[in-house]
$ cat target09.cif   # mmCIF, C-alpha atoms
data_protein
loop_
_atom_site.label_atom_id
_atom_site.label_comp_id
_atom_site.auth_asym_id
_atom_site.auth_seq_id
_atom_site.Cartn_x
_atom_site.Cartn_y
_atom_site.Cartn_z
CA MET N 1 10.78 -5.57 6.38
CA SER N 2 13.81 -5.29 8.66
CA VAL N 3 13.03 -8.68 10.20
CA LEU N 4 12.65 -10.31 6.79
CA ALA N 5 15.94 -8.75 5.71
CA HIS N 6 17.61 -10.38 8.70
CA TYR N 7 16.25 -13.82 7.73
CA LEU N 8 17.28 -13.43 4.08
CA GLU N 9 20.75 -12.23 4.99
CA GLU N 10 21.15 -15.19 7.35
CA GLU N 11 20.35 -17.38 4.35
CA GLY N 12 23.20 -15.76 2.41
CA LEU N 13 21.38 -13.06 0.43
CA ALA N 14 22.51 -9.45 0.53
CA THR N 15 19.62 -7.12 1.41
CA THR N 16 18.85 -3.45 1.63
CA VAL N 17 15.71 -2.12 3.30
CA VAL N 18 13.82 1.08 2.66
CA SER N 19 12.52 2.11 6.07
CA LEU N 20 9.48 4.28 6.83
CA VAL N 21 9.62 3.98 10.62
CA ARG N 22 13.09 4.71 11.94
CA LEU N 23 12.27 3.55 15.44
CA HIS N 24 11.64 -0.02 14.27
CA SER N 25 14.80 -0.27 12.20
CA GLU N 26 16.88 1.18 15.03
CA ILE N 27 15.70 -1.65 17.26
CA ILE N 28 15.84 -4.49 14.73
CA GLN N 29 19.04 -3.27 13.06
CA PRO N 30 18.79 -4.94 9.65
CA PRO N 31 22.05 -5.27 7.70
CA ARG N 32 21.41 -2.18 5.56
CA SER N 33 18.54 0.30 5.74
CA LEU N 34 17.69 3.65 4.27
CA PHE N 35 15.33 5.90 6.22
CA VAL N 36 13.02 7.94 4.02
CA PRO N 37 10.89 10.97 4.95
CA PHE N 38 7.68 9.89 3.25
CA GLU N 39 4.16 9.03 4.38
CA LEU N 40 3.29 5.45 5.21
CA GLY N 41 2.25 3.86 1.93
CA ARG N 42 4.82 5.51 -0.33
CA PRO N 43 8.27 4.13 0.52
CA VAL N 44 9.84 5.29 -2.74
CA GLY N 45 8.37 8.79 -2.59
CA PRO N 46 5.49 10.84 -3.96
CA PRO N 47 3.64 9.77 -7.11
CA SER N 48 4.98 10.95 -10.46
CA ASN N 49 8.15 12.43 -9.01
CA HIS N 50 10.28 9.93 -10.86
CA ALA N 51 13.59 11.68 -10.23
CA LEU N 52 13.04 11.52 -6.47
CA GLN N 53 11.83 7.90 -6.63
CA ARG N 54 14.85 6.93 -8.67
CA GLY N 55 17.11 8.67 -6.14
CA VAL N 56 15.64 6.61 -3.31
CA LEU N 57 16.11 3.34 -5.17
CA GLU N 58 19.69 4.19 -6.18
CA HIS N 59 20.56 5.23 -2.62
CA ALA N 60 19.06 2.04 -1.15
CA LEU N 61 20.82 -0.21 -3.66
CA GLY N 62 24.04 1.77 -3.29
CA LEU N 63 24.27 0.62 0.34
CA LEU N 64 25.06 -2.84 -1.03
CA GLU N 65 28.49 -1.57 -2.09
CA SER N 66 29.40 -0.24 1.35
CA ASP N 67 31.62 -2.07 3.82
CA ASP N 68 30.25 -0.14 6.82
CA GLY N 69 28.43 -3.16 8.22
CA PRO N 70 27.12 -5.24 9.80
CA SER N 71 24.34 -2.79 10.60
CA LEU N 72 24.40 0.16 8.23
CA LEU N 73 21.86 2.93 8.82
CA SER N 74 21.56 5.73 6.31
CA ASP N 75 19.22 8.70 5.80
CA PHE N 76 17.57 9.92 2.64
CA ASP N 77 16.95 13.60 3.16
CA GLN N 78 16.41 15.80 0.17
CA GLY N 79 13.92 18.14 1.78
CA ASN N 80 10.91 16.92 -0.16
CA ASP N 81 8.53 14.66 1.68
CA GLY N 82 5.83 14.97 -0.98
CA THR N 83 3.14 16.24 1.39
CA SER N 84 2.76 19.75 -0.05
CA SER N 85 -0.62 20.65 -1.53
CA ASP N 86 -1.27 21.30 -5.20
CA GLU N 87 -3.01 24.67 -5.05
CA SER N 88 -3.99 24.49 -8.71
CA TRP N 89 -5.84 21.22 -8.21
CA SER N 90 -9.61 21.43 -8.24
CA ALA N 91 -11.71 18.66 -6.80
CA PRO N 92 -14.27 17.04 -9.10
CA ALA N 93 -17.94 17.86 -8.64
CA THR N 94 -19.84 15.50 -6.38
CA ALA N 95 -23.48 14.70 -5.66
CA SER N 96 -23.53 16.00 -2.12
CA ALA N 97 -26.07 14.67 0.32
CA ASP N 98 -27.14 15.40 3.85
CA LEU N 99 -27.18 12.11 5.67
CA GLU N 100 -29.32 13.57 8.40
CA THR N 101 -32.22 14.09 6.01
CA ALA N 102 -31.56 11.82 3.02
CA ASP N 103 -33.38 8.50 2.94
CA VAL N 104 -31.76 5.27 1.77
CA ALA N 105 -33.35 5.41 -1.69
CA ASP N 106 -32.07 8.95 -2.16
CA LEU N 107 -28.54 7.99 -1.08
CA LYS N 108 -28.49 5.04 -3.44
CA GLN N 109 -29.42 7.24 -6.36
CA ARG N 110 -26.89 9.91 -5.41
CA LEU N 111 -24.06 7.38 -5.17
CA LYS N 112 -24.91 6.05 -8.61
CA ASP N 113 -25.07 9.60 -9.97
CA GLU N 114 -21.72 10.45 -8.41
CA ILE N 115 -20.03 7.36 -9.85
CA GLU N 116 -21.34 8.34 -13.26
CA MET N 117 -20.11 11.91 -12.84
CA LEU N 118 -16.60 10.61 -12.12
CA ALA N 119 -16.61 8.02 -14.91
CA PRO N 120 -15.02 10.25 -17.61
CA ASN N 121 -12.20 11.27 -15.23
CA TYR N 122 -11.65 7.67 -14.16
CA ALA N 123 -11.48 6.49 -17.78
CA SER N 124 -9.05 9.27 -18.71
CA ALA N 125 -6.87 8.53 -15.70
CA LYS N 126 -6.76 4.83 -16.50
CA LYS N 127 -5.85 5.51 -20.10
CA ALA N 128 -3.14 8.02 -19.22
CA ARG N 129 -1.60 5.80 -16.53
CA GLY N 130 -2.07 2.56 -18.43
CA ARG N 131 -3.52 0.95 -15.37
CA SER N 132 -5.99 1.08 -12.52
CA SER N 133 -5.73 -0.38 -9.03
CA VAL N 134 -9.49 -0.95 -8.89
CA GLY N 135 -10.46 -4.60 -8.99
CA VAL N 136 -9.52 -6.45 -5.83
CA SER N 137 -13.23 -7.21 -5.32
CA LYS N 138 -13.39 -8.61 -8.88
CA LEU N 139 -16.71 -6.78 -9.32
CA THR N 140 -17.72 -3.98 -11.66
CA ILE N 141 -18.07 -0.50 -10.21
CA GLU N 142 -21.85 -0.85 -10.47
CA GLU N 143 -21.76 -4.16 -8.57
CA ILE N 144 -19.41 -2.60 -6.01
CA ALA N 145 -21.88 0.23 -5.41
CA GLU N 146 -24.78 -2.22 -5.17
CA HIS N 147 -23.04 -4.35 -2.56
CA ILE N 148 -22.03 -1.37 -0.42
CA LEU N 149 -25.50 0.10 -0.65
CA SER N 150 -27.08 -3.23 0.33
CA PHE N 151 -25.51 -2.82 3.78
CA LEU N 152 -27.34 0.44 4.38
CA ASP N 153 -30.31 -1.74 5.33
CA GLY N 154 -28.14 -3.73 7.78
CA PRO N 155 -25.70 -6.66 7.57
CA HIS N 156 -26.68 -9.69 5.52
CA GLU N 157 -25.17 -12.86 4.12
CA GLU N 158 -25.85 -12.37 0.43
CA SER N 159 -22.41 -12.29 -1.14
CA PRO N 160 -21.89 -11.53 -4.81
CA ARG N 161 -18.88 -13.88 -4.72
CA GLU N 162 -19.14 -17.57 -3.96
CA ASP N 163 -15.68 -17.72 -2.37
CA LEU N 164 -16.07 -14.83 0.08
CA SER N 165 -18.49 -13.78 2.80
CA ALA N 166 -20.65 -10.73 2.26
CA ALA N 167 -18.68 -8.85 4.95
CA MET N 168 -15.31 -9.67 3.34
CA VAL N 169 -16.60 -8.53 -0.04
CA LEU N 170 -17.74 -5.30 1.63
CA ARG N 171 -14.13 -4.67 2.68
CA PHE N 172 -12.83 -5.13 -0.86
CA CYS N 173 -15.70 -3.11 -2.32
CA ALA N 174 -14.84 -0.20 -0.01
CA ASP N 175 -11.19 -0.40 -1.13
CA ASP N 176 -12.22 -0.44 -4.78
CA LEU N 177 -14.71 2.39 -4.41
CA LYS N 178 -12.09 4.60 -2.75
CA ALA N 179 -9.54 3.71 -5.43
CA TYR N 180 -12.03 4.58 -8.18
CA TYR N 181 -12.69 7.99 -6.65
CA MET N 182 -9.05 8.77 -5.88
CA GLU N 183 -7.81 7.72 -9.31
CA ALA N 184 -10.48 9.86 -10.96
CA ALA N 185 -9.93 12.87 -8.70
CA SER N 186 -6.14 12.91 -8.91
CA HIS N 187 -6.03 12.82 -12.69
CA GLY N 188 -4.49 15.93 -14.18
CA GLY N 189 -3.00 17.25 -10.96
CA THR N 190 -0.73 16.41 -8.08
CA PRO N 191 -3.01 16.71 -5.04
CA SER N 192 -1.60 15.60 -1.72
CA SER N 193 -3.09 12.64 0.07
CA TRP N 194 -4.59 15.12 2.53
CA GLN N 195 -6.34 17.06 -0.25
CA LEU N 196 -7.75 13.88 -1.71
CA GLY N 197 -8.85 12.60 1.69
CA ASN N 198 -10.42 15.91 2.59
CA TRP N 199 -12.45 15.85 -0.61
CA PHE N 200 -13.48 12.20 -0.33
CA TRP N 201 -14.43 12.13 3.35
CA ARG N 202 -16.06 15.57 3.52
CA ASP N 203 -17.58 16.17 0.10
CA THR N 204 -18.56 12.91 -1.54
CA VAL N 205 -21.66 10.78 -1.07
CA ALA N 206 -19.41 7.73 -1.20
CA GLY N 207 -17.39 8.97 1.77
CA GLN N 208 -20.53 9.80 3.72
CA ILE N 209 -21.99 6.36 3.04
CA LEU N 210 -18.82 4.62 4.27
CA ILE N 211 -18.82 6.80 7.39
CA SER N 212 -22.46 5.94 7.93
CA LEU N 213 -21.78 2.21 7.48
CA ARG N 214 -18.93 2.39 9.97
CA ALA N 215 -21.23 3.93 12.58
CA ALA N 216 -23.91 1.33 11.90
CA ALA N 217 -21.38 -1.52 12.16
CA LEU N 218 -20.03 -0.33 15.50
CA ASP N 219 -23.56 -0.22 16.84
CA HIS N 220 -24.40 -3.73 15.66
CA ASP N 221 -24.03 -7.20 17.16
CA ASP N 222 -22.79 -8.95 14.00
CA LYS N 223 -19.09 -9.62 14.71
CA ARG N 224 -17.90 -9.66 11.12
CA PHE N 225 -19.78 -6.44 10.37
CA ILE N 226 -18.27 -4.82 13.45
CA ILE N 227 -14.73 -5.77 12.39
CA VAL N 228 -15.11 -4.80 8.74
CA GLY N 229 -17.08 -1.67 9.48
CA GLY N 230 -14.94 -0.58 12.39
CA LYS N 231 -11.51 -1.25 10.93
CA PHE N 232 -11.63 -1.43 7.16
CA LEU N 233 -13.89 1.35 5.90
CA VAL N 234 -12.57 4.64 7.30
CA PRO N 235 -8.85 5.27 8.01
CA VAL N 236 -7.96 6.15 11.60
CA VAL N 237 -6.59 9.51 10.51
CA TRP N 238 -10.04 10.50 9.20
CA VAL N 239 -11.88 8.97 12.15
CA THR N 240 -9.72 11.29 14.25
CA GLU N 241 -9.94 14.34 12.01
CA LEU N 242 -13.73 14.13 11.65
CA LYS N 243 -14.20 13.22 15.32
CA LEU N 244 -16.23 10.13 14.38
CA MET X 1 11.06 8.90 8.01
CA VAL X 2 7.62 9.01 9.48
CA ASP X 3 7.47 11.21 12.55
CA VAL X 4 5.17 9.07 14.67
CA ARG X 5 4.29 12.12 16.76
CA THR X 6 2.31 13.50 13.82
CA LEU X 7 0.09 10.43 13.61
CA PRO X 8 -3.23 9.93 15.43
CA ASP X 9 -2.87 8.64 19.01
CA VAL X 10 -3.96 5.11 18.23
CA MET X 11 -1.42 4.81 15.41
CA GLN X 12 1.33 6.35 17.58
CA LYS X 13 0.62 3.79 20.26
CA ASN X 14 0.59 0.90 17.80
CA LEU X 15 3.86 1.91 16.16
CA THR X 16 5.79 2.80 19.30
CA ALA X 17 4.56 -0.24 21.23
CA LEU X 18 5.22 -2.69 18.40
CA ASP X 19 7.12 -5.69 19.72
CA CYS X 20 10.22 -5.66 17.50
CA PRO X 21 12.63 -8.59 17.78
CA VAL X 22 16.24 -7.96 18.75
CA PHE X 23 18.71 -10.30 17.07
CA GLU X 24 21.99 -11.23 18.70
CA ASN X 25 23.74 -12.08 15.46
CA LYS X 26 24.36 -9.54 12.71
CA PRO X 27 24.56 -11.26 9.33
CA TRP X 28 26.35 -9.32 6.62
CA VAL X 29 26.70 -10.69 3.11
CA ARG X 30 29.21 -9.07 0.77
CA GLY X 31 28.94 -9.34 -2.98
CA ALA X 32 29.89 -8.14 -6.42
CA PRO X 33 29.68 -4.49 -7.51
CA LEU X 34 26.11 -3.34 -8.07
CA LYS X 35 26.61 -3.28 -11.83
CA ASP X 36 27.05 -7.07 -11.71
CA ARG X 37 24.21 -7.90 -9.32
CA ARG X 38 20.88 -9.52 -10.07
CA VAL X 39 18.22 -7.60 -8.13
CA ALA X 40 14.79 -8.65 -6.85
CA MET X 41 12.19 -6.63 -4.95
CA LEU X 42 10.31 -7.78 -1.87
CA SER X 43 7.33 -5.69 -0.79
CA SER X 44 5.11 -5.90 2.29
CA ALA X 45 2.28 -3.95 0.63
CA GLY X 46 0.02 -6.94 0.07
CA LEU X 47 0.49 -6.79 -3.70
CA HIS X 48 -0.47 -9.58 -6.06
CA LEU X 49 -1.71 -10.36 -9.53
CA ARG X 50 -5.40 -9.86 -10.19
CA SER X 51 -5.75 -13.61 -10.70
CA ASP X 52 -3.96 -14.50 -7.46
CA GLN X 53 -5.35 -15.21 -4.01
CA HIS X 54 -5.93 -12.04 -1.97
CA PHE X 55 -4.29 -11.60 1.45
CA VAL X 56 -6.22 -12.23 4.67
CA GLY X 57 -5.57 -11.30 8.30
CA GLY X 58 -2.63 -13.29 9.72
CA ASP X 59 -1.47 -14.31 6.25
CA HIS X 60 2.22 -15.19 6.38
CA SER X 61 2.63 -16.38 2.79
CA TYR X 62 3.99 -14.44 -0.14
CA ARG X 63 2.80 -13.83 -3.69
CA VAL X 64 4.92 -13.99 -6.82
CA ILE X 65 4.92 -11.04 -9.23
CA PRO X 66 6.81 -11.81 -12.46
CA ASN X 67 9.10 -9.02 -13.62
CA ASP X 68 7.24 -8.74 -16.92
CA THR X 69 3.86 -8.22 -15.24
CA ALA X 70 1.83 -5.40 -16.75
CA PRO X 71 1.28 -2.71 -14.08
CA ASP X 72 -2.48 -2.97 -14.63
CA ASP X 73 -2.34 -6.55 -13.42
CA ILE X 74 -1.05 -5.61 -9.95
CA VAL X 75 -3.57 -5.00 -7.16
CA MET X 76 -3.29 -4.51 -3.40
CA SER X 77 -5.26 -6.40 -0.75
CA HIS X 78 -3.38 -5.32 2.38
CA ILE X 79 -5.84 -5.51 5.27
CA SER X 80 -4.91 -2.13 6.79
CA VAL X 81 -6.48 1.09 5.55
CA ASN X 82 -4.21 3.18 7.74
CA PHE X 83 -1.54 4.09 5.24
CA ASP X 84 -1.73 6.29 2.18
CA ARG X 85 -3.03 4.38 -0.82
CA THR X 86 -3.60 7.39 -3.05
CA ALA X 87 0.04 7.36 -4.16
CA PHE X 88 -0.06 3.71 -5.30
CA GLN X 89 -3.39 4.38 -6.98
CA GLN X 90 -1.71 7.05 -9.11
CA ASP X 91 1.74 5.52 -9.62
CA PHE X 92 2.68 1.92 -8.84
CA ASN X 93 6.37 2.89 -8.68
CA VAL X 94 5.87 4.48 -5.25
CA THR X 95 5.53 1.05 -3.68
CA PHE X 96 6.84 -1.26 -6.37
CA PRO X 97 9.39 0.54 -8.59
CA LEU X 98 9.39 -1.90 -11.49
CA GLN X 99 10.01 0.85 -14.02
CA HIS X 100 13.01 2.31 -12.19
CA LEU X 101 14.61 -1.09 -11.79
CA ALA X 102 14.19 -1.75 -15.52
CA ASP X 103 15.76 1.62 -16.31
CA MET X 104 18.70 0.93 -14.02
CA GLU X 105 19.30 -2.38 -15.77
CA GLU X 106 19.17 -0.71 -19.18
CA GLU X 107 21.64 1.94 -18.02
CA GLY X 108 24.02 -0.69 -16.67
CA LEU X 109 23.76 0.47 -13.05
CA ILE X 110 22.65 -3.01 -12.00
CA GLY X 111 23.53 -6.28 -13.68
CA SER X 112 20.03 -7.61 -14.24
CA VAL X 113 16.54 -7.71 -12.82
CA ALA X 114 15.24 -10.95 -11.31
CA SER X 115 12.65 -13.05 -13.13
CA ASN X 116 10.21 -12.56 -10.27
CA HIS X 117 9.51 -10.20 -7.42
CA TYR X 118 7.53 -10.94 -4.26
CA SER X 119 5.10 -9.47 -1.78
CA PHE X 120 4.06 -10.31 1.76
CA MET X 121 1.29 -8.51 3.65
CA GLY X 122 2.91 -6.47 6.40
CA ALA X 123 0.12 -6.52 8.97
CA THR X 124 1.23 -10.02 9.95
CA ASP X 125 3.97 -10.34 12.58
CA PRO X 126 7.12 -10.88 10.48
CA ARG X 127 8.28 -13.60 12.89
CA ASP X 128 5.33 -15.65 11.62
CA MET X 129 6.76 -15.22 8.11
CA GLU X 130 10.14 -16.72 8.99
CA ASP X 131 9.63 -20.14 7.37
CA ASP X 132 8.21 -18.55 4.21
CA ALA X 133 11.03 -15.99 4.10
CA ARG X 134 13.71 -18.68 4.43
CA HIS X 135 11.99 -20.71 1.72
CA LEU X 136 11.88 -17.60 -0.44
CA ALA X 137 15.64 -17.19 0.01
CA GLY X 138 16.11 -20.52 -1.75
CA VAL X 139 13.77 -19.50 -4.54
CA LEU X 140 15.70 -16.26 -5.02
CA LYS X 141 19.02 -18.04 -5.11
CA ALA X 142 17.70 -20.47 -7.71
CA ASP X 143 17.04 -17.40 -9.88
CA GLN X 144 20.68 -16.31 -9.30
CA VAL X 145 19.51 -13.27 -7.32
CA ASP X 146 22.25 -11.76 -5.16
CA ALA X 147 20.63 -8.49 -4.08
CA VAL X 148 17.18 -7.91 -2.59
CA VAL X 149 15.62 -4.52 -1.96
CA LEU X 150 12.88 -4.67 0.64
CA LEU X 151 10.07 -2.13 0.46
CA PRO X 152 7.63 -1.54 3.34
CA VAL X 153 4.29 0.21 3.12
#

$ encode --input "target09.cif" --output "structure tokens"
Amino acid sequence: MSVLAHYLEEEGLATTVVSLVRLHSEIIQPPRSLFVPFELGRPVGPPSNHALQRGVLEHALGLLESDDGPSLLSDFDQGNDGTSSDESWSAPATASADLETADVADLKQRLKDEIEMLAPNYASAKKARGRSSVGVSKLTIEEIAEHILSFLDGPHEESPREDLSAAMVLRFCADDLKAYYMEAASHGGTPSSWQLGNWFWRDTVAGQILISLRAAALDHDDKRFIIVGGKFLVPVVWVTELKL
Amino acid sequence: MVDVRTLPDVMQKNLTALDCPVFENKPWVRGAPLKDRRVAMLSSAGLHLRSDQHFVGGDHSYRVIPNDTAPDDIVMSHISVNFDRTAFQQDFNVTFPLQHLADMEEEGLIGSVASNHYSFMGATDPRDMEDDARHLAGVLKADQVDAVVLLPV
């Protein structure tokens, strides 16, 4: 964003950047930037901490009134990076499976069961938040599961969307499936991203299926499947943590 | 700020080795007090309306998100899975603080909120976005915007 801020400012627009990686902003030196102590993905702070989020936005916008330019670097440090665990949070029940012994038919059934088990939580979360981020695939959760499961038998070209390849739809389906699970699991608590990830990647059938698909993709000769499977299913932090 | 030393090796390498441009000039635009400014947001989170075209690898274009968009109509198609998405899944304000901006307008802390906000997809080299960004500057000015807050992901 620091580079874009430079272009906009050159065009005569005053800018202020929230920065998640100090190193980059130190090099690029945008006109105004505020360094924040949060995880990648949450520039304004942890979810539901509206006071903290508001503080970040006010601090960033407040830099517009300073004359300490032309390269103003500021720090937002209020001692709360939002990574602490919610010890009262309990993970939803899952339909655990042992991938070593489960056959494909069994996994398919368990994923469907698990999605159904989470459905009440997902519906409650969506109602309470007034929104859901699920939907980039433009498929229903049942269709999402079907498409992901279809890859357990190997890559194929049958796409449920006319405008996208089967592999591209797999990427969006994986994003939607994870969002469905995370939205359902986080409802009613304030679990950290680590708690949610730990639950999803260790305890759910969905997580195990995505891990399994990643391994299959990396061992395949279909280029698109290799890229999607290798890069877009399992985050690097969990590939590292689980020694995949 | 993210302490890159806490990230997995491959992410550390990617972030520390990123080829960041160094600009010789240092533009600096002064303006009215914040309470008189018209503010727009620009995100790099790959956000867009459900009905809009999703982002693809190398995409240097931006998407328009009207200020009156219902939060349920905003989705994310950033190509990277290597940042926390659980926060956005719970609370859109962590990446796109529409609600806070509206509150600040109501409280008189900013003059007004722009008609539209915008999102790029940050996995693309920002130098490839230059033409689109300069075009966007004109679009913002046409909406009388005189303050832009840029939000990474």

$ residues_around --input "target09.cif" --residues "N:Ile28" --least-positions-apart "2" --cutoff "7 Å" --atoms "all atoms listed in the file" --output "JSON, numbers by chain"
{"N": [2, 3, 24, 25, 26, 30], "X": [20, 21, 22, 23]}

$ closest_residue --input "target09.cif" --among "N:Gln53, N:Ser33, N:Thr83, N:Thr15" --to "X:Val145" --atoms "all atoms listed in the file"
N:Thr15

$ atom_distance --input "target09.cif" --atom1 "atom CA of N:Thr140" --atom2 "atom CA of N:Pro191"
26.2 Å

$ residues_around --input "target09.cif" --residues "X:Gly58" --least-positions-apart "3" --cutoff "12 Å" --atoms "all atoms listed in the file" --output "PyMOL selection string"
chain X and resi 46+55+61-62+78-80+120-129

$ atom_distance --input "target09.cif" --atom1 "atom CA of X:Ala137" --atom2 "atom CA of X:Phe88"
26.7 Å

$ resolve_selection --input "target09.cif" --expression "the PyMOL selection byres ((chain N and resi 227-231) around 9)" --output "PyMOL selection string"
(chain N and resi 167-168+170-171+210-211+213-218+222-226+232-236) or (chain X and resi 80-81)

$ write_last_selection --input "target09.cif" --atoms "C-alpha atoms" --output "mmCIF file, in the coordinates of the input"
data_model
loop_
_atom_site.group_PDB
_atom_site.id
_atom_site.type_symbol
_atom_site.label_atom_id
_atom_site.label_comp_id
_atom_site.auth_asym_id
_atom_site.auth_seq_id
_atom_site.Cartn_x
_atom_site.Cartn_y
_atom_site.Cartn_z
ATOM 1 C CA ALA N 167 -18.680 -8.850 4.950
ATOM 2 C CA MET N 168 -15.310 -9.670 3.340
ATOM 3 C CA LEU N 170 -17.740 -5.300 1.630
ATOM 4 C CA ARG N 171 -14.130 -4.670 2.680
ATOM 5 C CA LEU N 210 -18.820 4.620 4.270
ATOM 6 C CA ILE N 211 -18.820 6.800 7.390
ATOM 7 C CA LEU N 213 -21.780 2.210 7.480
ATOM 8 C CA ARG N 214 -18.930 2.390 9.970
ATOM 9 C CA ALA N 215 -21.230 3.930 12.580
ATOM 10 C CA ALA N 216 -23.910 1.330 11.900
ATOM 11 C CA ALA N 217 -21.380 -1.520 12.160
ATOM 12 C CA LEU N 218 -20.030 -0.330 15.500
ATOM 13 C CA ASP N 222 -22.790 -8.950 14.000
ATOM 14 C CA LYS N 223 -19.090 -9.620 14.710
ATOM 15 C CA ARG N 224 -17.900 -9.660 11.120
ATOM 16 C CA PHE N 225 -19.780 -6.440 10.370
ATOM 17 C CA ILE N 226 -18.270 -4.820 13.450
ATOM 18 C CA PHE N 232 -11.630 -1.430 7.160
ATOM 19 C CA LEU N 233 -13.890 1.350 5.900
ATOM 20 C CA VAL N 234 -12.570 4.640 7.300
ATOM 21 C CA PRO N 235 -8.850 5.270 8.010
ATOM 22 C CA VAL N 236 -7.960 6.150 11.600
ATOM 23 C CA SER X 80 -4.910 -2.130 6.790
ATOM 24 C CA VAL X 81 -6.480 1.090 5.550
#

$ atom_distance --input "target09.cif" --atom1 "atom CA of X:Val64" --atom2 "atom CA of X:Asp52"
8.9 Å

$ residues_near_point --input "target09.cif" --point "(14.8, -6.2, -17.1)" --cutoff "12 Å" --atoms "all atoms listed in the file" --output "JSON, numbers by chain"
{"X": [38, 39, 40, 66, 67, 68, 69, 98, 99, 100, 101, 102, 103, 104, 105, 106, 107, 108, 109, 110, 111, 112, 113, 114, 115, 116, 117]}

$ resolve_selection --input "target09.cif" --expression "the PyMOL selection byres ((chain X) within 6 of (chain N))" --output "PyMOL selection string"
chain X and resi 1-2+8+22+26-29+72+75+81-85+87+89+91+94-95+137+146-153

$ residues_around --input "target09.cif" --residues "N:Asp153" --least-positions-apart "6" --cutoff "12 Å" --atoms "all atoms listed in the file" --output "list of chain:residue names"
N:Asp103, N:Val104, N:Ala105, N:Leu107, N:Lys108, N:Glu146, N:His147, N:Ile209, N:Ser212, N:Leu213, N:Ala216, N:Ala217

$ axis_aligned_box --input "target09.cif" --around "stretch 146-150 of chain X" --padding-each-side "6 Å" --output "JSON"
{"center_x": 17.6, "center_y": -8.1, "center_z": -2.3, "size_x": 21.4, "size_y": 19.2, "size_z": 17.8}

$ closest_residue --input "target09.cif" --among "X:Glu24, X:Asp132, X:Asp73, X:Asp36" --to "X:His48" --atoms "all atoms listed in the file"
X:Asp73

$ closest_residue --input "target09.cif" --among "X:Thr86, X:Leu15, X:Arg50, X:Asp59" --to "X:Pro71" --atoms "only C-alpha atoms"
X:Arg50
